[in-house]
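Student: CSV, C-alpha atoms and all ligand atoms, saved as start14.csv, coming up:
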chain,number,residue,atom,x,y,z
A,1,MET,CA,2.0,-15.2,-23.5
A,2,GLY,CA,2.9,-13.0,-20.4
A,3,ALA,CA,6.4,-14.4,-20.3
A,4,ALA,CA,7.0,-13.7,-24.0
A,5,ILE,CA,5.8,-10.1,-23.6
A,6,LEU,CA,8.2,-9.6,-20.7
A,7,ARG,CA,11.1,-11.1,-22.6
A,8,GLU,CA,10.4,-8.8,-25.5
A,9,GLY,CA,10.6,-5.7,-23.2
A,10,GLY,CA,6.8,-5.3,-22.8
A,11,LEU,CA,4.6,-4.7,-19.7
A,12,VAL,CA,2.4,-7.3,-18.0
A,13,ALA,CA,0.0,-6.7,-15.0
A,14,PHE,CA,-0.1,-9.7,-12.8
A,15,PRO,CA,-1.7,-10.7,-9.4
A,16,THR,CA,0.4,-11.0,-6.3
A,17,GLU,CA,-0.7,-11.8,-2.7
A,18,THR,CA,-0.4,-8.1,-1.8
A,19,VAL,CA,-1.7,-6.1,-4.7
A,20,TYR,CA,-1.5,-6.3,-8.6
A,21,GLY,CA,1.9,-5.5,-10.0
A,22,LEU,CA,2.9,-3.9,-13.3
A,23,GLY,CA,6.0,-5.8,-14.4
A,24,ALA,CA,8.8,-5.3,-16.9
A,25,ASN,CA,12.3,-6.9,-17.3
A,26,ALA,CA,14.4,-5.3,-14.5
A,27,LEU,CA,17.6,-5.7,-16.6
A,28,ASN,CA,16.1,-3.7,-19.6
A,29,GLU,CA,16.3,0.0,-19.0
A,30,GLU,CA,13.8,0.9,-21.8
A,31,ALA,CA,11.3,-1.7,-20.6
A,32,VAL,CA,11.5,-0.2,-17.1
A,33,ARG,CA,11.0,3.3,-18.4
A,34,ALA,CA,7.7,2.2,-19.9
A,35,ILE,CA,6.5,1.3,-16.4
A,36,PHE,CA,7.0,4.9,-15.2
A,37,ALA,CA,5.2,6.2,-18.4
A,38,ALA,CA,2.2,3.9,-18.0
A,39,LYS,CA,1.8,4.7,-14.4
A,40,GLY,CA,2.6,8.4,-14.6
A,41,ARG,CA,5.1,7.7,-11.8
A,42,PRO,CA,7.7,10.2,-10.9
A,43,ALA,CA,11.2,8.9,-12.0
A,44,ASP,CA,12.6,9.4,-8.5
A,45,ASN,CA,10.3,6.7,-6.9
A,46,PRO,CA,12.2,3.4,-7.2
A,47,LEU,CA,10.6,0.0,-8.1
A,48,ILE,CA,10.7,-3.4,-6.4
A,49,VAL,CA,12.4,-6.3,-8.2
A,50,HIS,CA,10.5,-9.6,-8.1
A,51,ILE,CA,12.2,-13.0,-8.2
A,52,HIS,CA,11.1,-16.6,-8.0
A,53,ASP,CA,14.4,-18.2,-6.9
A,54,ARG,CA,17.1,-17.0,-4.5
A,55,SER,CA,19.8,-18.0,-7.1
A,56,GLN,CA,18.7,-14.9,-9.0
A,57,LEU,CA,20.0,-12.6,-6.1
A,58,ALA,CA,23.6,-13.0,-7.1
A,59,GLU,CA,23.3,-10.6,-10.0
A,60,ILE,CA,20.9,-8.2,-8.2
A,61,CYS,CA,22.3,-7.4,-4.8
A,62,ASP,CA,24.7,-8.1,-1.9
A,63,LEU,CA,23.2,-9.9,1.2
A,64,PRO,CA,23.4,-7.8,4.4
A,65,GLU,CA,23.4,-9.3,7.9
A,66,GLY,CA,20.0,-10.9,8.6
A,67,ALA,CA,18.8,-11.0,5.0
A,68,GLU,CA,19.0,-14.8,4.7
A,69,ARG,CA,17.3,-15.5,8.0
A,70,LEU,CA,14.4,-13.2,6.9
A,71,MET,CA,14.2,-14.9,3.5
A,72,ASP,CA,14.1,-18.3,5.3
A,73,ALA,CA,11.3,-17.1,7.5
A,74,PHE,CA,9.1,-15.0,5.2
A,75,TRP,CA,9.8,-15.7,1.5
A,76,PRO,CA,7.9,-16.2,-0.6
A,77,GLY,CA,5.6,-13.6,0.9
A,78,PRO,CA,4.8,-9.9,1.5
A,79,LEU,CA,8.3,-8.8,2.6
A,80,THR,CA,10.5,-6.5,0.5
A,81,LEU,CA,14.2,-6.2,1.5
A,82,LEU,CA,16.3,-3.2,0.7
A,83,MET,CA,19.9,-4.4,0.0
A,84,PRO,CA,23.0,-3.0,-1.7
A,85,ARG,CA,22.5,-2.9,-5.5
A,86,ARG,CA,24.8,-4.8,-8.0
A,87,PRO,CA,25.6,-3.1,-11.3
A,88,ALA,CA,23.4,-5.4,-13.5
A,89,ILE,CA,20.4,-3.5,-12.1
A,90,PRO,CA,20.1,-0.3,-14.1
A,91,PRO,CA,19.8,2.9,-12.0
A,92,VAL,CA,16.4,3.6,-13.5
A,93,VAL,CA,15.0,0.8,-11.4
A,94,THR,CA,16.3,2.2,-8.1
A,95,ALA,CA,15.9,5.9,-9.0
A,96,GLY,CA,19.7,6.2,-8.8
A,97,LEU,CA,19.9,4.9,-5.3
A,98,ASP,CA,22.7,2.4,-4.4
A,99,THR,CA,20.1,0.1,-2.7
A,100,VAL,CA,17.7,-2.2,-4.5
A,101,ALA,CA,14.3,-3.4,-3.2
A,102,VAL,CA,13.8,-7.2,-3.7
A,103,ARG,CA,10.8,-9.5,-3.0
A,104,MET,CA,9.7,-13.1,-3.8
A,105,PRO,CA,5.9,-13.1,-4.0
A,106,SER,CA,3.9,-16.2,-3.0
A,107,HIS,CA,1.0,-15.9,-5.4
A,108,PRO,CA,1.1,-18.9,-7.7
A,109,VAL,CA,0.3,-16.8,-10.9
A,110,ALA,CA,3.1,-14.4,-10.0
A,111,LEU,CA,5.6,-17.2,-9.3
A,112,SER,CA,4.8,-19.1,-12.5
A,113,LEU,CA,5.1,-15.9,-14.6
A,114,LEU,CA,8.5,-15.2,-13.0
A,115,LYS,CA,9.6,-18.7,-13.6
A,116,ALA,CA,8.4,-18.8,-17.2
A,117,CYS,CA,10.3,-15.7,-18.2
A,118,GLY,CA,13.3,-16.5,-16.1
A,119,LEU,CA,14.1,-12.8,-15.5
A,120,PRO,CA,14.1,-10.5,-12.5
A,121,ILE,CA,10.9,-8.4,-12.9
A,122,ALA,CA,10.7,-4.8,-11.7
A,123,ALA,CA,7.1,-4.2,-10.7
A,124,PRO,CA,5.4,-1.4,-8.8
A,125,SER,CA,1.7,-1.5,-8.0
A,126,ALA,CA,-0.4,-1.6,-11.3
A,127,ASN,CA,-2.3,1.6,-10.6
A,128,ARG,CA,-2.0,5.1,-12.1
A,129,SER,CA,0.2,7.1,-9.7
A,130,GLY,CA,-1.8,8.7,-6.9
A,131,LYS,CA,-4.7,6.2,-7.1
A,132,PRO,CA,-5.2,3.4,-4.5
A,133,SER,CA,-3.2,0.2,-5.4
A,134,PRO,CA,-5.3,-2.3,-7.4
A,135,THR,CA,-6.5,-5.4,-5.5
A,136,GLN,CA,-8.6,-6.8,-8.3
A,137,ALA,CA,-8.0,-7.2,-12.1
A,138,SER,CA,-10.9,-4.8,-12.7
A,139,HIS,CA,-9.0,-2.0,-10.8
A,140,VAL,CA,-6.1,-2.5,-13.1
A,141,LEU,CA,-8.3,-2.3,-16.1
A,142,GLU,CA,-9.9,0.9,-14.8
A,143,ASP,CA,-6.5,2.6,-14.6
A,144,MET,CA,-4.5,1.0,-17.4
A,145,GLU,CA,-6.9,0.2,-20.2
A,146,GLY,CA,-5.2,1.1,-23.5
A,147,ARG,CA,-1.8,1.6,-21.8
A,148,ILE,CA,-0.6,-2.1,-21.4
A,149,PRO,CA,-1.1,-5.2,-23.6
A,150,LEU,CA,-2.0,-7.8,-20.9
A,151,ILE,CA,-3.6,-8.1,-17.5
A,152,LEU,CA,-3.5,-11.5,-15.8
A,153,ASP,CA,-6.6,-12.0,-13.6
A,154,GLY,CA,-6.0,-13.9,-10.4
A,155,GLY,CA,-9.0,-12.8,-8.5
A,156,PRO,CA,-8.9,-10.5,-5.4
A,157,CYS,CA,-5.6,-10.2,-3.6
A,158,GLU,CA,-5.3,-12.0,-0.3
A,159,VAL,CA,-3.3,-9.4,1.7
A,160,GLY,CA,-4.7,-6.3,0.0
A,161,VAL,CA,-2.0,-3.8,1.1
A,162,GLU,CA,1.5,-3.6,-0.4
A,163,SER,CA,4.5,-5.5,1.0
A,164,THR,CA,6.4,-4.5,4.1
A,165,VAL,CA,9.5,-2.6,3.0
A,166,LEU,CA,12.4,-3.3,5.4
A,167,ASP,CA,15.7,-1.3,5.1
A,168,LEU,CA,18.7,-3.5,5.9
A,169,CYS,CA,21.4,-1.0,4.7
A,170,HIS,CA,21.4,1.8,7.3
A,171,GLY,CA,22.1,0.5,10.8
A,172,ARG,CA,19.3,-1.0,12.8
A,173,PRO,CA,16.7,-2.6,10.4
A,174,CYS,CA,13.9,-0.2,9.8
A,175,VAL,CA,10.4,-0.6,8.4
A,176,LEU,CA,9.9,2.1,5.8
A,177,ARG,CA,6.4,0.8,4.8
A,178,PRO,CA,4.4,-1.6,7.0
A,179,GLY,CA,2.6,-4.5,5.4
A,180,GLY,CA,1.5,-8.1,5.9
A,181,VAL,CA,4.8,-9.1,7.5
A,182,THR,CA,4.4,-7.3,10.8
A,183,ARG,CA,7.0,-5.7,13.1
A,184,GLU,CA,6.3,-8.4,15.6
A,185,MET,CA,7.1,-11.1,13.0
A,186,LEU,CA,10.3,-9.4,11.9
A,187,GLU,CA,11.4,-8.9,15.5
A,188,SER,CA,10.9,-12.7,16.2
A,189,VAL,CA,13.7,-13.2,13.7
A,190,LEU,CA,15.9,-10.1,13.9
A,191,GLY,CA,15.4,-8.7,17.4
A,192,PRO,CA,14.6,-4.9,17.7
A,193,VAL,CA,13.3,-3.3,14.5
A,194,ASP,CA,12.6,0.4,14.0
A,195,ILE,CA,9.5,1.9,12.3
A,196,ALA,CA,10.1,5.0,10.1
A,197,GLY,CA,8.6,8.1,11.7
A,198,SER,CA,6.6,9.0,8.6
A,199,VAL,CA,4.6,5.8,8.8
A,200,LEU,CA,1.9,7.3,11.0
A,201,ARG,CA,2.3,11.1,10.3
A,202,PRO,CA,3.0,13.3,7.3
A,203,LEU,CA,6.6,14.1,6.3
A,204,GLN,CA,7.7,17.2,8.1
A,205,GLU,CA,9.1,20.2,6.2
A,206,GLY,CA,12.7,19.6,5.3
A,207,GLU,CA,12.5,15.9,6.4
A,208,VAL,CA,14.2,13.5,3.9
A,209,ALA,CA,12.0,10.5,3.1
A,210,ARG,CA,13.9,7.3,3.6
A,211,SER,CA,11.5,5.7,1.2
A,212,PRO,CA,10.9,8.1,-1.7
A,213,GLY,CA,7.3,6.7,-2.1
A,214,MET,CA,6.4,8.4,1.2
A,215,ARG,CA,6.8,11.8,-0.4
A,216,TYR,CA,3.9,11.4,-2.8
A,217,ARG,CA,0.2,11.8,-2.4
A,218,HIS,CA,-1.0,8.3,-2.2
A,219,TYR,CA,-4.1,6.2,-1.6
A,220,ALA,CA,-6.1,9.4,-1.6
A,221,PRO,CA,-9.7,9.4,-2.8
A,222,GLU,CA,-11.2,12.6,-4.3
A,223,GLY,CA,-13.4,13.2,-1.2
A,224,GLN,CA,-12.1,14.3,2.2
A,225,VAL,CA,-11.6,11.5,4.6
A,226,TRP,CA,-11.8,12.1,8.4
A,227,LEU,CA,-10.5,9.6,11.0
A,228,VAL,CA,-12.7,9.5,14.1
A,229,THR,CA,-10.9,8.4,17.3
A,230,GLY,CA,-12.3,7.5,20.7
A,231,SER,CA,-14.2,4.8,22.6
A,232,GLU,CA,-16.3,2.4,20.6
A,233,ALA,CA,-19.7,3.8,21.8
A,234,ASP,CA,-18.6,7.5,21.4
A,235,THR,CA,-17.2,6.8,17.9
A,236,ALA,CA,-20.4,5.4,16.5
A,237,ARG,CA,-22.5,8.3,17.9
A,238,ALA,CA,-20.0,10.9,16.7
A,239,ILE,CA,-19.9,9.4,13.2
A,240,ARG,CA,-23.7,9.5,13.0
A,241,LYS,CA,-23.6,13.2,14.1
A,242,LEU,CA,-20.9,14.1,11.5
A,243,PHE,CA,-22.8,12.3,8.7
A,244,THR,CA,-26.1,14.0,9.6
A,245,GLU,CA,-24.5,17.4,9.7
A,246,ALA,CA,-22.7,16.9,6.4
A,247,GLU,CA,-25.9,15.8,4.6
A,248,SER,CA,-27.8,18.7,6.1
A,249,GLN,CA,-25.3,21.0,4.5
A,250,GLY,CA,-26.0,19.3,1.2
A,251,ARG,CA,-22.7,17.5,1.1
A,252,ARG,CA,-22.6,13.9,-0.1
A,253,ALA,CA,-21.2,11.8,2.8
A,254,CYS,CA,-20.7,8.2,3.9
A,255,VAL,CA,-19.1,6.1,6.6
A,256,MET,CA,-16.4,3.5,6.8
A,257,CYS,CA,-17.0,1.3,9.8
A,258,PHE,CA,-16.3,-2.1,11.2
A,259,SER,CA,-18.8,-5.0,10.6
A,260,GLU,CA,-19.8,-4.8,14.2
A,261,HIS,CA,-21.1,-1.3,13.8
A,262,MET,CA,-22.9,-1.6,10.4
A,263,GLU,CA,-26.3,-1.8,12.3
A,264,ALA,CA,-25.6,1.1,14.6
A,265,LEU,CA,-24.7,3.2,11.5
A,266,ALA,CA,-27.5,2.1,9.3
A,267,GLY,CA,-28.8,5.0,7.2
A,268,CYS,CA,-25.3,6.7,7.2
A,269,ARG,CA,-24.2,4.9,3.9
A,270,PRO,CA,-22.0,2.6,5.9
A,271,HIS,CA,-19.2,0.8,4.0
A,272,ASP,CA,-18.1,-2.4,5.9
A,273,ILE,CA,-14.3,-2.5,6.4
A,274,GLY,CA,-14.3,-5.9,8.2
A,275,SER,CA,-14.3,-7.0,11.8
A,276,ARG,CA,-12.5,-4.7,14.3
A,277,LEU,CA,-11.0,-7.9,15.7
A,278,HIS,CA,-9.4,-8.9,12.5
A,279,PRO,CA,-7.2,-6.1,10.9
A,280,SER,CA,-6.4,-8.4,8.0
A,281,GLU,CA,-10.0,-8.1,6.9
A,282,THR,CA,-9.7,-4.4,6.8
A,283,ALA,CA,-6.4,-4.6,4.9
A,284,GLN,CA,-8.0,-6.9,2.3
A,285,CYS,CA,-10.9,-4.6,1.5
A,286,LEU,CA,-9.5,-1.1,2.1
A,287,PHE,CA,-8.3,-0.1,-1.4
A,288,ASP,CA,-11.5,-1.5,-3.0
A,289,THR,CA,-13.5,0.6,-0.6
A,290,LEU,CA,-11.5,3.8,-1.3
A,291,ARG,CA,-12.0,3.2,-5.1
A,292,ARG,CA,-15.8,2.9,-4.5
A,293,LEU,CA,-15.9,6.2,-2.6
A,294,ASP,CA,-14.7,7.9,-5.7
A,295,ALA,CA,-17.0,6.0,-8.0
A,296,GLU,CA,-19.9,7.1,-5.7
A,297,GLY,CA,-18.8,10.7,-5.7
A,298,MET,CA,-18.4,11.1,-2.0
A,299,GLU,CA,-17.4,14.5,-0.7
A,300,LEU,CA,-17.0,13.6,3.0
A,301,VAL,CA,-16.1,10.2,4.5
A,302,PHE,CA,-16.0,9.5,8.2
A,303,SER,CA,-14.0,6.4,9.2
A,304,GLU,CA,-13.4,4.3,12.3
A,305,VAL,CA,-9.7,3.6,13.2
A,306,MET,CA,-7.9,0.6,14.7
A,307,PRO,CA,-4.9,0.3,17.0
A,308,PRO,CA,-1.7,0.5,14.9
A,309,GLU,CA,-0.5,-3.0,15.9
A,310,GLY,CA,0.2,-6.1,13.9
A,311,VAL,CA,-1.4,-5.7,10.4
A,312,GLY,CA,-3.3,-2.7,12.0
A,313,LEU,CA,-0.1,-0.7,11.5
A,314,ALA,CA,-0.2,-1.2,7.7
A,315,VAL,CA,-4.0,-0.4,7.7
A,316,MET,CA,-3.5,2.8,9.7
A,317,ASN,CA,-0.6,3.9,7.5
A,318,ARG,CA,-2.7,3.6,4.3
A,319,LEU,CA,-5.9,5.0,6.0
A,320,GLY,CA,-3.9,7.8,7.5
A,321,ARG,CA,-2.5,8.8,4.1
A,322,ALA,CA,-5.9,8.5,2.5
A,323,ALA,CA,-7.2,11.0,5.1
A,324,ALA,CA,-4.1,13.2,4.8
A,325,PHE,CA,-3.9,12.4,8.5
A,326,ARG,CA,-7.1,14.5,9.2
A,327,THR,CA,-8.2,13.2,12.6
A,328,VAL,CA,-11.0,14.3,15.0
A,329,SER,CA,-11.9,12.9,18.4
A,330,ALA,CA,-15.4,11.6,19.0
A,331,ALA,CA,-15.5,13.5,22.3
A,332,GLU,CA,-14.9,16.8,20.5
A,333,VAL,CA,-17.6,16.0,18.0
A,334,LEU,CA,-20.1,15.1,20.7
A,335,ALA,CA,-19.2,18.4,22.4
A,336,GLY,CA,-20.3,20.2,19.3
A,337,GLN,CA,-17.1,20.6,17.2
A,338,LEU,CA,-17.5,20.0,13.4
A,339,PRO,CA,-14.1,19.9,11.8
A,340,PHE,CA,-15.1,19.9,8.2
A,341,ALA,CA,-17.2,23.0,8.5
A,342,GLN,CA,-14.1,25.1,9.0
A,343,SER,CA,-11.7,23.4,6.6
A,344,GLY,CA,-14.1,22.0,4.1
B,401,LIG,P1,5.3,0.1,-5.1
B,401,LIG,O1,6.1,-0.8,-6.0
B,401,LIG,O2,4.4,1.0,-5.9
B,401,LIG,O3,4.7,-0.7,-4.0
B,401,LIG,O4,6.3,1.1,-4.4
B,401,LIG,C1,7.6,0.6,-4.0
B,401,LIG,C2,7.9,1.2,-2.7
B,401,LIG,O5,9.2,0.8,-2.2
B,401,LIG,C3,7.9,2.7,-2.8
B,401,LIG,O6,7.4,3.3,-1.6
B,401,LIG,C4,9.4,3.0,-2.9
B,401,LIG,O7,9.7,4.3,-2.5
B,401,LIG,C5,10.0,1.9,-2.1
B,401,LIG,N1,11.4,1.6,-2.5
B,401,LIG,C6,11.7,0.9,-3.6
B,401,LIG,N2,13.1,0.8,-3.7
B,401,LIG,C7,13.6,1.6,-2.7
B,401,LIG,C8,14.9,1.9,-2.3
B,401,LIG,N3,16.0,1.5,-3.0
B,401,LIG,N4,15.1,2.7,-1.2
B,401,LIG,C9,14.0,3.2,-0.5
B,401,LIG,N5,12.7,2.9,-0.9
B,401,LIG,C10,12.5,2.1,-1.9
B,402,MG,MG,2.4,1.8,-5.5
Take the structure from the file and write it as structure tokens.

Tutor:
Amino acid sequence: MGAAILREGGLVAFPTETVYGLGANALNEEAVRAIFAAKGRPADNPLIVHIHDRSQLAEICDLPEGAERLMDAFWPGPLTLLMPRRPAIPPVVTAGLDTVAVRMPSHPVALSLLKACGLPIAAPSANRSGKPSPTQASHVLEDMEGRIPLILDGGPCEVGVESTVLDLCHGRPCVLRPGGVTREMLESVLGPVDIAGSVLRPLQEGEVARSPGMRYRHYAPEGQVWLVTGSEADTARAIRKLFTEAESQGRRACVMCFSEHMEALAGCRPHDIGSRLHPSETAQCLFDTLRRLDAEGMELVFSEVMPPEGVGLAVMNRLGRAAAFRTVSAAEVLAGQLPFAQSG
């Protein structure tokens, strides 16, 4: 049924190993426009084209240096490659750019849908623009009910953050968006790889985003998220202090902390974001947690952070943007500084 809808130019939401995607025939301009409409996505933010077989690449893109080695190593999987676009891909897919983003997902439901319809499928994440990406079918339903005819339910997504986006078209390979395929993994195949500057900070005024998606407010809950940095012991104490102060001001607050600190932060409405030793656990539950904060009407959220290494880089990119990069050091908090009081 999903394949038939796609062949007829309709939209289908489907699970992938990263997040749920909202797919349409990438060769059909009108079908692709319907994705932008259903998501409320700005037309200048390009989509990723999904394939199930490398023979499909011939009509989609040229293959730059290194592309095939990366595909051998990481496809199917959470790696999107930016490559020169061929004319069969309508400009609406790439927002008029001469590069096209392509990925082969590894999720069995995604692969069988792609195979059954036999088409390259343009698919961004299946959320309304500005909301956290959906990692469960229920998240898609929340955002898309009444807007699309079909959601395929494949359970919770394994990776939980969107694919790594790697630009192969502009000099040294550059990660525009970190994901489940880490810098370290890419470098084991390619040698040195750059990381776009805006991965761990906001775009500066006048700075051109290499990935248009970086321009938009993303992953942001309604409440204000604060990232608390510092030693493990200081952080737990500082977070308790922030929570207590917020609540005493009558502001509804909660905490995002590692499993190891759930006990230390009992009573502070702690949300478990997985073990601090396993960033992939945080990646898996991050977007679901951010959605819960909204559902629970949180005004202030205090979160622990992890080193931006391995999958931790993808976690800190998403968490940083959810927090609009608001950061406070535990030492400052313990010395009496309360950041939200001034800016709240
Ligand atoms: P989504 O499909 O919602 O995960 O978003 C796709 C991401 O890939 C966005 O951040 C886009 O800006 C980025 N992207 C897709 N195509 C291109 C392209 N041709 N050049 C640069 N970034 C791209
Ligand atoms: Mg998205």

Student: What is the atom CA of A:Cys257-atom CA of A:Thr229 distance in Å, reported with one decimal?

Tutor: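 Between these atoms lies a distance of 12.0 Å.
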
Student: What is the atom CA of A:Trp75-atom CA of A:Pro42 distance in Å, reported with one decimal?

Tutor: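 Distance reported for this atom pair: 28.8 Å.
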
Student: Which is closer to A:Asp53 than all the others in A:Ala116, A:Gly230, A:Ala295, A:Ala3, using all atoms listed in the file?

Tutor: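 Answer, going by the shortest atom-to-atom distance: A:Ala116.
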
Student: Can I get the residues of chain A within 9 Å of ligand LIG 401 (chain B), each with the closest pair of atoms and their distance in Å to one decimal, using all atoms listed in the file, sorted chain first then ascending number, as CSV?

Tutor:
residue,atom,partner,partner_atom,distance
A:Val19,CA,B:LIG401,O3,8.4
A:Gly21,CA,B:LIG401,O1,7.5
A:Leu22,CA,B:LIG401,O1,8.6
A:Arg41,CA,B:LIG401,O2,9.0
A:Asp44,CA,B:LIG401,O7,8.4
A:Asn45,CA,B:LIG401,O7,5.0
A:Pro46,CA,B:LIG401,C6,4.4
A:Leu47,CA,B:LIG401,C6,4.7
A:Ile48,CA,B:LIG401,C6,5.2
A:Val49,CA,B:LIG401,N2,8.4
A:Thr80,CA,B:LIG401,O5,7.9
A:Leu81,CA,B:LIG401,N2,8.8
A:Leu82,CA,B:LIG401,N3,6.0
A:Met83,CA,B:LIG401,N3,7.7
A:Pro84,CA,B:LIG401,N3,8.4
A:Arg85,CA,B:LIG401,N3,8.2
A:Val93,CA,B:LIG401,N2,7.9
A:Thr94,CA,B:LIG401,N3,5.2
A:Ala95,CA,B:LIG401,N3,7.4
A:Gly96,CA,B:LIG401,N3,8.3
A:Leu97,CA,B:LIG401,N3,5.7
A:Asp98,CA,B:LIG401,N3,6.9
A:Thr99,CA,B:LIG401,N3,4.3
A:Val100,CA,B:LIG401,N3,4.3
A:Ala101,CA,B:LIG401,N2,4.4
A:Val102,CA,B:LIG401,N2,8.0
A:Ala122,CA,B:LIG401,O1,8.3
A:Ala123,CA,B:LIG401,O1,5.9
A:Pro124,CA,B:LIG401,O1,2.9
A:Ser125,CA,B:LIG401,O2,4.2
A:Ala126,CA,B:LIG401,O2,7.7
A:Asn127,CA,B:LIG401,O2,8.2
A:Ser129,CA,B:LIG401,O2,8.3
A:Ser133,CA,B:LIG401,O2,7.7
A:Val161,CA,B:LIG401,O3,9.0
A:Glu162,CA,B:LIG401,O3,5.6
A:Ser163,CA,B:LIG401,O3,6.9
A:Thr164,CA,B:LIG401,O5,8.7
A:Val165,CA,B:LIG401,O5,6.2
A:Leu166,CA,B:LIG401,N5,8.8
A:Asp167,CA,B:LIG401,C9,7.4
A:Leu176,CA,B:LIG401,N5,7.3
A:Arg177,CA,B:LIG401,O6,6.9
A:Ala209,CA,B:LIG401,C9,8.4
A:Arg210,CA,B:LIG401,C9,5.8
A:Ser211,CA,B:LIG401,N5,3.7
A:Pro212,CA,B:LIG401,O7,4.1
A:Gly213,CA,B:LIG401,O7,3.4
A:Met214,CA,B:LIG401,O6,5.9
A:Arg215,CA,B:LIG401,O7,8.3
A:Tyr216,CA,B:LIG401,O6,8.9

Student: For the selection you just gave me, I'd like the residues written to a file as a compact mmCIF listing (two decimals), in the frame of the given file, keeping C-alpha atoms.

Tutor:
# COMPACT_ATOMS: atom_id res chain seq x y z
CA VAL A 19 -1.70 -6.10 -4.70
CA GLY A 21 1.90 -5.50 -10.00
CA LEU A 22 2.90 -3.90 -13.30
CA ARG A 41 5.10 7.70 -11.80
CA ASP A 44 12.60 9.40 -8.50
CA ASN A 45 10.30 6.70 -6.90
CA PRO A 46 12.20 3.40 -7.20
CA LEU A 47 10.60 0.00 -8.10
CA ILE A 48 10.70 -3.40 -6.40
CA VAL A 49 12.40 -6.30 -8.20
CA THR A 80 10.50 -6.50 0.50
CA LEU A 81 14.20 -6.20 1.50
CA LEU A 82 16.30 -3.20 0.70
CA MET A 83 19.90 -4.40 0.00
CA PRO A 84 23.00 -3.00 -1.70
CA ARG A 85 22.50 -2.90 -5.50
CA VAL A 93 15.00 0.80 -11.40
CA THR A 94 16.30 2.20 -8.10
CA ALA A 95 15.90 5.90 -9.00
CA GLY A 96 19.70 6.20 -8.80
CA LEU A 97 19.90 4.90 -5.30
CA ASP A 98 22.70 2.40 -4.40
CA THR A 99 20.10 0.10 -2.70
CA VAL A 100 17.70 -2.20 -4.50
CA ALA A 101 14.30 -3.40 -3.20
CA VAL A 102 13.80 -7.20 -3.70
CA ALA A 122 10.70 -4.80 -11.70
CA ALA A 123 7.10 -4.20 -10.70
CA PRO A 124 5.40 -1.40 -8.80
CA SER A 125 1.70 -1.50 -8.00
CA ALA A 126 -0.40 -1.60 -11.30
CA ASN A 127 -2.30 1.60 -10.60
CA SER A 129 0.20 7.10 -9.70
CA SER A 133 -3.20 0.20 -5.40
CA VAL A 161 -2.00 -3.80 1.10
CA GLU A 162 1.50 -3.60 -0.40
CA SER A 163 4.50 -5.50 1.00
CA THR A 164 6.40 -4.50 4.10
CA VAL A 165 9.50 -2.60 3.00
CA LEU A 166 12.40 -3.30 5.40
CA ASP A 167 15.70 -1.30 5.10
CA LEU A 176 9.90 2.10 5.80
CA ARG A 177 6.40 0.80 4.80
CA ALA A 209 12.00 10.50 3.10
CA ARG A 210 13.90 7.30 3.60
CA SER A 211 11.50 5.70 1.20
CA PRO A 212 10.90 8.10 -1.70
CA GLY A 213 7.30 6.70 -2.10
CA MET A 214 6.40 8.40 1.20
CA ARG A 215 6.80 11.80 -0.40
CA TYR A 216 3.90 11.40 -2.80

Student: Residues within 7 Å of (-21.4, 14.3, 18.5), file coordinates, counting all atoms listed in the file: what are they? Give the list as a list in words.

Tutor: Arg237, Ala238, Lys241, Ala330, Val333, Leu334, Ala335 and Gly336 of chain A

Student: Would you output that residue set with C-alpha atoms, as a tab-separated table (two decimals), in the coordinates of the input?

Tutor:
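Writing the result to out-v7.tsv gives the following:
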chain	number	residue	atom	x	y	z
A	237	ARG	CA	-22.50	8.30	17.90
A	238	ALA	CA	-20.00	10.90	16.70
A	241	LYS	CA	-23.60	13.20	14.10
A	330	ALA	CA	-15.40	11.60	19.00
A	333	VAL	CA	-17.60	16.00	18.00
A	334	LEU	CA	-20.10	15.10	20.70
A	335	ALA	CA	-19.20	18.40	22.40
A	336	GLY	CA	-20.30	20.20	19.30

Student: Here is a test: counting only C-alpha atoms and all ligand atoms, which residue of A:Ser231, A:His107, A:Val225, A:Arg128 is nearest to ligand MG 402 (chain B)?

Tutor: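 Among the listed residues, A:Arg128 lies closest to ligand MG 402 (chain B).
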
Student: Just how far from atom CA of A:Ala323 is atom CA of A:Leu186, in Å to one decimal?

Tutor: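 Interatomic distance, atom CA of A:Leu186 to atom CA of A:Ala323: 27.7 Å.
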
Student: Looking at A:Leu286, A:Leu203, A:Asp272, A:Asn317, which one is nearest to A:Gly179, with distances taken over all atoms listed in the file?

Tutor: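 Nearest to A:Gly179: A:Asn317.
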
Student: Just want the 12 Å neighbourhood of A:Ala236, counted on all atoms listed in the file, with same-chain residues fewer than 5 positions away dropped. Output as a ChimeraX atom specification.

Tutor: /A:228-231,241-243,255-258,260-266,268,270,302-305,329-331,333-334

Student: Go through A:Pro76, A:Gly10, A:Gly250, A:Gly130 and flag the residue nearest ligand MG 402 (chain B), using all atoms listed in the file for the distances.

Tutor: A:Gly130
